[in-house]
Amino acid sequence: MSDPRVLVDDLAEDLKRWLPEQRWFAGKDRPVTGVRPLGVTELVEGDPQLLHVVLEVAQDDRREPYQLLVGRRTHPPEISSTSWIGAGGDLNAYEASGDLELTGVLLDLMAREGQVGSLVFEHEPGIVLETGLRARPITSEQSNTSLVYGGQYILKLFRKLTPGKNKDLLLHRALQGVGSKHIAQLLGSITGDLDGEPTTVGMLQQFIPDAVDGWAMATTSVRDLMAAPELHPEEVGGDFAGEAERLGRAVAEVHADLAEALGTEAVDADELERSTKAMVSRLDAVAGRVPELAPHAPALRAAFETLRALPTDSVTMQYVHGDLHLGQVLRTVTGWLLIDFEGEPAAPVEERHALRSPLRDVAGMLRSFDYAAQQMLVGQPDDPALAEHAMEWSDRNRAAFCEGYAAVAADPRDQGELLRAFELDKAVYEVGYEHANRPDWLGVPLASIARITSGGMTP
């Protein structure tokens with residue numbers, strides 16, 4: 001059998017073509033100009049063969065590391081067409097996360113706390129894992145890949161790697177340590193090596209098969225509303241407001257748990273200045289690319305400038321989720337769970353680990369309620385009545401979420417200027433994203449900006 005590193009070198013041209021086609025690849029804005037293996041570990045020998053590969057992907061002057069599972073077989077299994085990479089030596093090479101036979105080895109190694117090359121497989125203290133389970137990939141994920149083992153465990157493989165312990169693993173351990181009720185149990189992890197530093201490449205959690213994500217629940221509520229536009233305003237969104245209130249409580253409890261586990265810091269004037277400059281800089285950059293945002297720029301800038309005058313004792317900094325929206329929460333039979341504490345995937349690792357105001361998470365969730373309300377209007381002819389119902393649904397559920405949060409912690413609406421600035425900053429980011437990726441959706445954040453800056457939308 002050939003040297004695994006040589007085999008990966010042989011696949012370089014195939015990988016340059018293949019990588020941009022993957023949902024989890026973050027560099028779709030420019031072509032791949034080169035790939036080279038940073039580390040190749042053989043997990044299964046022979047035919048079939050399983051390789052764990054860390055690639056450095058070059059895109060002109062940008063270089064980022066990605067994690068792959070590469071399978072090689074004479075007779076490949078039935079997997080999706082997007083998994084095929086090319087002919088690696090005398091065997092066919094493919095992305096192996098969908099190979100039910102080969103991926104079982106990852107769980108087995110974790111159960112016995114094995115080490116293969118630089119990869120260290122561990123389970124959490126006191127955990128006994130069942131072995132011999134087959135895995136199936138979850139196809140809906142975008143920035144990472146998750147494998148479900150036998151309906152019991154879910155293994156998240158982080159695709160784009162950053163040196164050090166992943167924030168998702170760090171915060172789950174911290175929350176589990178203080179007995180948080182709103183996370184899935186952490187069971188194990190896989191650690192590799194990147195730039196000479198131990199780096200999280202995977203984490204294993206309890207899988208909850210009956211869970212439904214918040215986006216699916218919220219948009220179903222909106223669809224039911226749109227199907228019955230004759231509803232009286234008091235009934236608008238009534239089927240979800242109770243859940244929104246319970247979700248607000250859950251988020252506040254997670255924030256309290258994170259503060260207990262990892263502490264808090266008081267904000268200082270320098271931090272408020274940095275936040276203001278970052279918001280104004282994002283506004284200027286996005287307004288320069290998106291002409292539709294320019295008319296709103298003066299009102300947005302004025303909202304951001306209010307941060308400089310905030311009393312420093314009114315803002316507390318701590319670890320937060322960092323990318324909270326309805327797709328990052330799960331409703332189970334016992335309540336709401338928060339998932340994916342990794343933070344904004346596109347943000348630098350230092351930014352993801354920075355302490356933030358909990359209102360950042362609140363603002364993210366408020367934006368998500370607004371998106372859920374407007375998603376059925378995208379691409380449809382203007383219908384003022386349906387638009388009014390959508391806004392009523394949004395207002396009702398945003399208020400319910402804040403009421404739930406206020407039942408556990410300080411009412412976020414009492415810090416209206418800060419919350420407003422955070423929500424508008426998130427909306428400016430959305431304008432840039434939609435302009436680049438989903439032009440049909442551009443009207444959603446623009447409409448929100450117009451309503452918030454005119455005083456027509458409150459939390």
# chains A, B, ... in the order shown; residues from 1 in each chain; ligands from 1
call {"tool": "select_by_dssp", "arguments": {"residues": "region 341-429 of chain A", "states": "helix (DSSP H, G or I)", "output": "ChimeraX atom specification"}}
result
/A:349-353,359-377,384-406,412-429
call {"tool": "residues_around", "arguments": {"residues": "Leu169 (chain A)", "least_positions_apart": "2", "cutoff": "8 Å", "atoms": "only C-alpha atoms", "output": "list in words"}}
result
Lys165, Asn166, Lys167, Leu171, His172, Arg173, Thr200, Met203 and Phe341 of chain A
call {"tool": "closest_residue", "arguments": {"among": "A:Ile452, A:Val315, A:Ala285, A:Leu107", "to": "Gln152 (chain A)", "atoms": "only C-alpha atoms"}}
result
A:Leu107
call {"tool": "closest_atom_pairs", "arguments": {"of": "region 147-266 of chain A", "to": "region 397-408 of chain A", "cutoff": "7 Å", "atoms": "only C-alpha atoms", "output": "Markdown table"}}
result
| residue | atom | partner | partner_atom | distance |
| --- | --- | --- | --- | --- |
| A:Ala241 | CA | A:Asn397 | CA | 5.1 |
| A:Ala244 | CA | A:Phe401 | CA | 4.8 |
| A:Glu245 | CA | A:Gly404 | CA | 4.3 |
| A:Arg246 | CA | A:Gly404 | CA | 5.9 |
| A:Leu247 | CA | A:Phe401 | CA | 6.4 |
| A:Gly248 | CA | A:Tyr405 | CA | 4.3 |
| A:Arg249 | CA | A:Gly404 | CA | 4.6 |
| A:Val251 | CA | A:Tyr405 | CA | 6.9 |
| A:Ala252 | CA | A:Tyr405 | CA | 5.2 |
| A:Glu253 | CA | A:Val408 | CA | 6.7 |
call {"tool": "write_last_selection", "arguments": {"atoms": "N, CA and C atoms", "output": "mmCIF file, in the first residue's frame"}}
result
data_model
loop_
_atom_site.group_PDB
_atom_site.id
_atom_site.type_symbol
_atom_site.label_atom_id
_atom_site.label_comp_id
_atom_site.auth_asym_id
_atom_site.auth_seq_id
_atom_site.Cartn_x
_atom_site.Cartn_y
_atom_site.Cartn_z
ATOM 1 N N ALA A 241 -46.095 31.759 20.664
ATOM 2 C CA ALA A 241 -45.670 32.736 21.672
ATOM 3 C C ALA A 241 -45.294 32.059 22.980
ATOM 4 N N ALA A 244 -41.885 30.774 22.473
ATOM 5 C CA ALA A 244 -40.926 31.871 22.442
ATOM 6 C C ALA A 244 -40.601 32.335 23.857
ATOM 7 N N GLU A 245 -41.616 32.373 24.720
ATOM 8 C CA GLU A 245 -41.384 32.778 26.107
ATOM 9 C C GLU A 245 -40.505 31.762 26.829
ATOM 10 N N ARG A 246 -40.781 30.476 26.625
ATOM 11 C CA ARG A 246 -39.959 29.436 27.259
ATOM 12 C C ARG A 246 -38.525 29.457 26.711
ATOM 13 N N LEU A 247 -38.386 29.765 25.433
ATOM 14 C CA LEU A 247 -37.055 29.868 24.843
ATOM 15 C C LEU A 247 -36.286 31.029 25.468
ATOM 16 N N GLY A 248 -36.950 32.149 25.690
ATOM 17 C CA GLY A 248 -36.302 33.279 26.347
ATOM 18 C C GLY A 248 -35.783 32.908 27.723
ATOM 19 N N ARG A 249 -36.579 32.151 28.483
ATOM 20 C CA ARG A 249 -36.130 31.679 29.793
ATOM 21 C C ARG A 249 -34.883 30.805 29.655
ATOM 22 N N VAL A 251 -32.587 30.700 27.266
ATOM 23 C CA VAL A 251 -31.399 31.469 26.890
ATOM 24 C C VAL A 251 -30.863 32.234 28.098
ATOM 25 N N ALA A 252 -31.748 32.840 28.875
ATOM 26 C CA ALA A 252 -31.303 33.568 30.065
ATOM 27 C C ALA A 252 -30.634 32.627 31.060
ATOM 28 N N GLU A 253 -31.158 31.423 31.215
ATOM 29 C CA GLU A 253 -30.565 30.463 32.147
ATOM 30 C C GLU A 253 -29.190 30.007 31.666
#
call {"tool": "residues_around", "arguments": {"residues": "region 359-376 of chain A", "least_positions_apart": "6", "cutoff": "7 Å", "atoms": "only C-alpha atoms", "output": "list in words"}}
result
Ala218, Thr219, Val222, Val320, His321, Gly322, Asp323, Leu324, His325, Leu326, Ala390, Met391, Trp393, Ser394, Arg398, Pro412, Leu419, Phe422, Glu423, Lys426 and Val444 of chain A
call {"tool": "closest_residue", "arguments": {"among": "A:Ala96, A:Val105, A:Ala278, A:Leu38", "to": "Phe121 (chain A)", "atoms": "only C-alpha atoms"}}
result
A:Val105
call {"tool": "residues_around", "arguments": {"residues": "Ala135 (chain A)", "least_positions_apart": "4", "cutoff": "7 Å", "atoms": "only C-alpha atoms", "output": "ChimeraX atom specification"}}
result
/A:100,103-104,147-150
call {"tool": "residues_around", "arguments": {"residues": "Ser81 (chain A)", "least_positions_apart": "4", "cutoff": "12 Å", "atoms": "only C-alpha atoms", "output": "ChimeraX atom specification"}}
result
/A:18,21-22,76-77,85-86,94-96,98
call {"tool": "write_last_selection", "arguments": {"atoms": "all heavy atoms", "output": "PDB file, in the first residue's frame"}}
result
ATOM      1  N   TRP A  18     -12.856  19.634  -6.225  1.00  0.00           N
ATOM      2  CA  TRP A  18     -13.894  19.041  -5.376  1.00  0.00           C
ATOM      3  C   TRP A  18     -14.272  19.925  -4.188  1.00  0.00           C
ATOM      4  O   TRP A  18     -15.456  20.044  -3.842  1.00  0.00           O
ATOM      5  CB  TRP A  18     -13.393  17.678  -4.881  1.00  0.00           C
ATOM      6  CG  TRP A  18     -14.299  16.944  -3.964  1.00  0.00           C
ATOM      7  CD1 TRP A  18     -15.377  16.167  -4.295  1.00  0.00           C
ATOM      8  CD2 TRP A  18     -14.210  16.903  -2.534  1.00  0.00           C
ATOM      9  NE1 TRP A  18     -15.956  15.652  -3.162  1.00  0.00           N
ATOM     10  CE2 TRP A  18     -15.259  16.084  -2.071  1.00  0.00           C
ATOM     11  CE3 TRP A  18     -13.337  17.470  -1.600  1.00  0.00           C
ATOM     12  CZ2 TRP A  18     -15.461  15.820  -0.713  1.00  0.00           C
ATOM     13  CZ3 TRP A  18     -13.542  17.221  -0.258  1.00  0.00           C
ATOM     14  CH2 TRP A  18     -14.588  16.402   0.178  1.00  0.00           C
ATOM     15  N   GLU A  21     -17.202  22.486  -4.131  1.00  0.00           N
ATOM     16  CA  GLU A  21     -18.526  21.903  -4.327  1.00  0.00           C
ATOM     17  C   GLU A  21     -19.166  21.446  -3.014  1.00  0.00           C
ATOM     18  O   GLU A  21     -20.342  21.085  -2.990  1.00  0.00           O
ATOM     19  CB  GLU A  21     -18.439  20.703  -5.279  1.00  0.00           C
ATOM     20  CG  GLU A  21     -17.937  21.054  -6.679  1.00  0.00           C
ATOM     21  CD  GLU A  21     -17.704  19.821  -7.534  1.00  0.00           C
ATOM     22  OE1 GLU A  21     -17.824  18.690  -6.988  1.00  0.00           O
ATOM     23  OE2 GLU A  21     -17.395  19.983  -8.720  1.00  0.00           O
ATOM     24  N   GLN A  22     -18.391  21.460  -1.913  1.00  0.00           N
ATOM     25  CA  GLN A  22     -18.898  20.963  -0.639  1.00  0.00           C
ATOM     26  C   GLN A  22     -19.609  22.068   0.130  1.00  0.00           C
ATOM     27  O   GLN A  22     -19.133  23.204   0.192  1.00  0.00           O
ATOM     28  CB  GLN A  22     -17.756  20.392   0.197  1.00  0.00           C
ATOM     29  CG  GLN A  22     -16.924  19.346  -0.543  1.00  0.00           C
ATOM     30  CD  GLN A  22     -17.798  18.285  -1.211  1.00  0.00           C
ATOM     31  OE1 GLN A  22     -18.584  17.601  -0.549  1.00  0.00           O
ATOM     32  NE2 GLN A  22     -17.664  18.151  -2.531  1.00  0.00           N
ATOM     33  N   PRO A  76     -16.278   0.966  -4.258  1.00  0.00           N
ATOM     34  CA  PRO A  76     -16.800   1.981  -3.347  1.00  0.00           C
ATOM     35  C   PRO A  76     -18.245   1.703  -2.943  1.00  0.00           C
ATOM     36  O   PRO A  76     -19.009   1.059  -3.688  1.00  0.00           O
ATOM     37  CB  PRO A  76     -16.698   3.275  -4.156  1.00  0.00           C
ATOM     38  CG  PRO A  76     -15.692   2.979  -5.219  1.00  0.00           C
ATOM     39  CD  PRO A  76     -15.861   1.527  -5.540  1.00  0.00           C
ATOM     40  N   PRO A  77     -18.655   2.181  -1.763  1.00  0.00           N
ATOM     41  CA  PRO A  77     -20.030   1.999  -1.308  1.00  0.00           C
ATOM     42  C   PRO A  77     -20.974   2.951  -2.031  1.00  0.00           C
ATOM     43  O   PRO A  77     -20.549   3.842  -2.781  1.00  0.00           O
ATOM     44  CB  PRO A  77     -19.940   2.350   0.179  1.00  0.00           C
ATOM     45  CG  PRO A  77     -18.852   3.376   0.227  1.00  0.00           C
ATOM     46  CD  PRO A  77     -17.848   2.947  -0.817  1.00  0.00           C
ATOM     47  N   ILE A  85     -14.056  11.973  -4.977  1.00  0.00           N
ATOM     48  CA  ILE A  85     -12.901  12.864  -5.131  1.00  0.00           C
ATOM     49  C   ILE A  85     -12.125  12.519  -6.394  1.00  0.00           C
ATOM     50  O   ILE A  85     -11.883  13.372  -7.235  1.00  0.00           O
ATOM     51  CB  ILE A  85     -11.979  12.790  -3.898  1.00  0.00           C
ATOM     52  CG1 ILE A  85     -12.741  13.242  -2.644  1.00  0.00           C
ATOM     53  CG2 ILE A  85     -10.743  13.667  -4.113  1.00  0.00           C
ATOM     54  CD1 ILE A  85     -11.968  13.075  -1.353  1.00  0.00           C
ATOM     55  N   GLY A  86     -11.712  11.266  -6.533  1.00  0.00           N
ATOM     56  CA  GLY A  86     -10.954  10.865  -7.716  1.00  0.00           C
ATOM     57  C   GLY A  86     -10.281   9.533  -7.512  1.00  0.00           C
ATOM     58  O   GLY A  86     -10.588   8.802  -6.563  1.00  0.00           O
ATOM     59  N   TYR A  94     -12.789   8.855  -1.965  1.00  0.00           N
ATOM     60  CA  TYR A  94     -14.053   9.569  -1.751  1.00  0.00           C
ATOM     61  C   TYR A  94     -14.067  10.123  -0.335  1.00  0.00           C
ATOM     62  O   TYR A  94     -13.321   9.685   0.545  1.00  0.00           O
ATOM     63  CB  TYR A  94     -15.249   8.627  -1.965  1.00  0.00           C
ATOM     64  CG  TYR A  94     -15.199   7.384  -1.105  1.00  0.00           C
ATOM     65  CD1 TYR A  94     -15.865   7.326   0.113  1.00  0.00           C
ATOM     66  CD2 TYR A  94     -14.463   6.266  -1.501  1.00  0.00           C
ATOM     67  CE1 TYR A  94     -15.795   6.193   0.913  1.00  0.00           C
ATOM     68  CE2 TYR A  94     -14.403   5.125  -0.718  1.00  0.00           C
ATOM     69  CZ  TYR A  94     -15.063   5.099   0.496  1.00  0.00           C
ATOM     70  OH  TYR A  94     -14.994   3.982   1.300  1.00  0.00           O
ATOM     71  N   GLU A  95     -14.915  11.124  -0.115  1.00  0.00           N
ATOM     72  CA  GLU A  95     -15.106  11.671   1.221  1.00  0.00           C
ATOM     73  C   GLU A  95     -15.945  10.662   1.993  1.00  0.00           C
ATOM     74  O   GLU A  95     -17.037  10.301   1.579  1.00  0.00           O
ATOM     75  CB  GLU A  95     -15.820  13.011   1.146  1.00  0.00           C
ATOM     76  CG  GLU A  95     -15.461  13.981   2.257  1.00  0.00           C
ATOM     77  CD  GLU A  95     -16.010  13.559   3.606  1.00  0.00           C
ATOM     78  OE1 GLU A  95     -17.145  13.074   3.667  1.00  0.00           O
ATOM     79  OE2 GLU A  95     -15.293  13.716   4.600  1.00  0.00           O
ATOM     80  N   ALA A  96     -15.421  10.201   3.144  1.00  0.00           N
ATOM     81  CA  ALA A  96     -15.941   8.982   3.758  1.00  0.00           C
ATOM     82  C   ALA A  96     -16.927   9.207   4.893  1.00  0.00           C
ATOM     83  O   ALA A  96     -17.288   8.252   5.577  1.00  0.00           O
ATOM     84  CB  ALA A  96     -14.775   8.128   4.267  1.00  0.00           C
ATOM     85  N   GLY A  98     -19.948   9.530   4.754  1.00  0.00           N
ATOM     86  CA  GLY A  98     -21.154   8.758   4.481  1.00  0.00           C
ATOM     87  C   GLY A  98     -20.935   7.263   4.402  1.00  0.00           C
ATOM     88  O   GLY A  98     -21.868   6.510   4.089  1.00  0.00           O
TER      89      GLY A  98
END
call {"tool": "residues_around", "arguments": {"residues": "region 256-268 of chain A", "least_positions_apart": "2", "cutoff": "7 Å", "atoms": "only C-alpha atoms", "output": "VMD selection string"}}
result
chain A and resid 174 to 175 178 180 252 to 254 270 to 272 312 to 313 315 to 319
call {"tool": "write_last_selection", "arguments": {"atoms": "N, CA and C atoms", "output": "PDB file, in the first residue's frame"}}
result
ATOM      1  N   ALA A 174     -17.953  23.612  30.303  1.00  0.00           N
ATOM      2  CA  ALA A 174     -18.244  24.568  31.373  1.00  0.00           C
ATOM      3  C   ALA A 174     -19.704  24.477  31.803  1.00  0.00           C
ATOM      4  N   LEU A 175     -20.611  24.413  30.842  1.00  0.00           N
ATOM      5  CA  LEU A 175     -22.034  24.335  31.170  1.00  0.00           C
ATOM      6  C   LEU A 175     -22.377  23.017  31.855  1.00  0.00           C
ATOM      7  N   VAL A 178     -21.596  22.996  35.589  1.00  0.00           N
ATOM      8  CA  VAL A 178     -22.507  23.668  36.535  1.00  0.00           C
ATOM      9  C   VAL A 178     -23.926  23.128  36.427  1.00  0.00           C
ATOM     10  N   SER A 180     -26.010  22.679  33.719  1.00  0.00           N
ATOM     11  CA  SER A 180     -26.980  23.343  32.846  1.00  0.00           C
ATOM     12  C   SER A 180     -27.995  22.350  32.291  1.00  0.00           C
ATOM     13  N   ALA A 252     -31.748  32.840  28.875  1.00  0.00           N
ATOM     14  CA  ALA A 252     -31.303  33.568  30.065  1.00  0.00           C
ATOM     15  C   ALA A 252     -30.634  32.627  31.060  1.00  0.00           C
ATOM     16  N   GLU A 253     -31.158  31.423  31.215  1.00  0.00           N
ATOM     17  CA  GLU A 253     -30.565  30.463  32.147  1.00  0.00           C
ATOM     18  C   GLU A 253     -29.190  30.007  31.666  1.00  0.00           C
ATOM     19  N   VAL A 254     -29.037  29.832  30.357  1.00  0.00           N
ATOM     20  CA  VAL A 254     -27.720  29.470  29.821  1.00  0.00           C
ATOM     21  C   VAL A 254     -26.725  30.611  30.053  1.00  0.00           C
ATOM     22  N   ASP A 270     -12.998  51.876  26.668  1.00  0.00           N
ATOM     23  CA  ASP A 270     -12.254  51.446  25.479  1.00  0.00           C
ATOM     24  C   ASP A 270     -13.027  50.384  24.704  1.00  0.00           C
ATOM     25  N   GLU A 271     -13.677  49.471  25.431  1.00  0.00           N
ATOM     26  CA  GLU A 271     -14.447  48.422  24.757  1.00  0.00           C
ATOM     27  C   GLU A 271     -15.652  49.011  24.040  1.00  0.00           C
ATOM     28  N   LEU A 272     -16.332  49.951  24.671  1.00  0.00           N
ATOM     29  CA  LEU A 272     -17.464  50.603  24.010  1.00  0.00           C
ATOM     30  C   LEU A 272     -16.995  51.340  22.750  1.00  0.00           C
ATOM     31  N   THR A 312     -20.538  52.681  31.798  1.00  0.00           N
ATOM     32  CA  THR A 312     -19.812  51.413  31.755  1.00  0.00           C
ATOM     33  C   THR A 312     -20.367  50.400  32.748  1.00  0.00           C
ATOM     34  N   ASP A 313     -20.991  50.867  33.838  1.00  0.00           N
ATOM     35  CA  ASP A 313     -21.529  49.912  34.814  1.00  0.00           C
ATOM     36  C   ASP A 313     -22.861  49.304  34.369  1.00  0.00           C
ATOM     37  N   VAL A 315     -23.153  47.618  31.419  1.00  0.00           N
ATOM     38  CA  VAL A 315     -22.867  46.555  30.455  1.00  0.00           C
ATOM     39  C   VAL A 315     -21.924  45.539  31.091  1.00  0.00           C
ATOM     40  N   THR A 316     -22.334  44.270  31.081  1.00  0.00           N
ATOM     41  CA  THR A 316     -21.510  43.178  31.601  1.00  0.00           C
ATOM     42  C   THR A 316     -21.062  42.300  30.444  1.00  0.00           C
ATOM     43  N   MET A 317     -19.808  41.867  30.487  1.00  0.00           N
ATOM     44  CA  MET A 317     -19.230  41.039  29.436  1.00  0.00           C
ATOM     45  C   MET A 317     -19.012  39.623  29.955  1.00  0.00           C
ATOM     46  N   GLN A 318     -19.256  38.633  29.104  1.00  0.00           N
ATOM     47  CA  GLN A 318     -19.051  37.246  29.486  1.00  0.00           C
ATOM     48  C   GLN A 318     -18.993  36.389  28.215  1.00  0.00           C
ATOM     49  N   TYR A 319     -18.735  35.094  28.394  1.00  0.00           N
ATOM     50  CA  TYR A 319     -18.895  34.175  27.272  1.00  0.00           C
ATOM     51  C   TYR A 319     -20.372  34.084  26.919  1.00  0.00           C
TER      52      TYR A 319
END
call {"tool": "residues_around", "arguments": {"residues": "Arg72 (chain A)", "least_positions_apart": "4", "cutoff": "8 Å", "atoms": "only C-alpha atoms", "output": "PyMOL selection string"}}
result
chain A and resi 47-50+76+88+91-94
call {"tool": "atom_distance", "arguments": {"atom1": "CA of Asp90 (chain A)", "atom2": "CA of Ile190 (chain A)"}}
result
29.8 Å
call {"tool": "select_by_dssp", "arguments": {"residues": "region 188-247 of chain A", "states": "strand (DSSP E or B)", "output": "list in words"}}
result
Gly188, Ser189, Ile190, Thr191, Gly192, Asp193, Leu194, Glu197, Pro198, Thr199, Thr200, Val201, Gly202, Met203, Leu204, Gln205, Gln206, Val212 and Asp213 of chain A
call {"tool": "write_last_selection", "arguments": {"atoms": "N, CA and C atoms", "output": "CSV table (one decimal), in the first residue's frame"}}
result
chain,number,residue,atom,x,y,z
A,188,GLY,N,-17.7,13.0,24.6
A,188,GLY,CA,-16.3,12.7,24.2
A,188,GLY,C,-15.8,13.7,23.2
A,189,SER,N,-14.5,13.5,22.8
A,189,SER,CA,-13.9,14.5,21.9
A,189,SER,C,-12.7,13.8,21.2
A,190,ILE,N,-12.3,14.4,20.0
A,190,ILE,CA,-11.2,14.0,19.3
A,190,ILE,C,-10.2,15.2,19.1
A,191,THR,N,-9.0,15.0,19.5
A,191,THR,CA,-8.0,16.1,19.4
A,191,THR,C,-6.9,15.7,18.5
A,192,GLY,N,-6.5,16.7,17.6
A,192,GLY,CA,-5.4,16.5,16.7
A,192,GLY,C,-4.3,17.5,16.9
A,193,ASP,N,-3.5,17.7,15.9
A,193,ASP,CA,-2.4,18.6,16.1
A,193,ASP,C,-2.4,19.6,14.9
A,194,LEU,N,-2.3,20.9,15.2
A,194,LEU,CA,-2.3,21.9,14.1
A,194,LEU,C,-1.3,23.0,14.6
A,197,GLU,N,0.0,22.7,18.0
A,197,GLU,CA,-0.9,23.0,19.2
A,197,GLU,C,-2.0,21.9,19.1
A,198,PRO,N,-2.4,21.3,20.3
A,198,PRO,CA,-3.5,20.4,20.3
A,198,PRO,C,-4.8,21.1,19.9
A,199,THR,N,-5.5,20.5,19.0
A,199,THR,CA,-6.6,21.2,18.3
A,199,THR,C,-7.8,20.3,18.3
A,200,THR,N,-9.0,20.8,18.7
A,200,THR,CA,-10.2,20.0,18.7
A,200,THR,C,-10.7,19.8,17.3
A,201,VAL,N,-10.8,18.5,16.9
A,201,VAL,CA,-11.3,18.2,15.5
A,201,VAL,C,-12.7,17.6,15.6
A,202,GLY,N,-13.2,17.1,16.7
A,202,GLY,CA,-14.5,16.5,16.8
A,202,GLY,C,-15.0,16.5,18.3
A,203,MET,N,-16.3,16.5,18.5
A,203,MET,CA,-16.9,16.3,19.8
A,203,MET,C,-18.2,15.5,19.7
A,204,LEU,N,-18.3,14.6,20.7
A,204,LEU,CA,-19.4,13.6,20.7
A,204,LEU,C,-20.4,14.1,21.8
A,205,GLN,N,-21.7,14.0,21.5
A,205,GLN,CA,-22.8,14.4,22.4
A,205,GLN,C,-23.9,13.4,22.3
A,206,GLN,N,-24.8,13.4,23.3
A,206,GLN,CA,-26.0,12.7,23.3
A,206,GLN,C,-26.9,13.1,22.1
A,212,VAL,N,-36.9,18.9,17.7
A,212,VAL,CA,-37.2,19.7,16.5
A,212,VAL,C,-36.6,21.1,16.6
A,213,ASP,N,-35.9,21.5,15.6
A,213,ASP,CA,-35.2,22.8,15.7
A,213,ASP,C,-36.2,24.0,15.7
call {"tool": "closest_residue", "arguments": {"among": "A:Val35, A:Leu307, A:Ala385, A:Leu225", "to": "Gln415 (chain A)", "atoms": "only C-alpha atoms"}}
result
A:Leu307
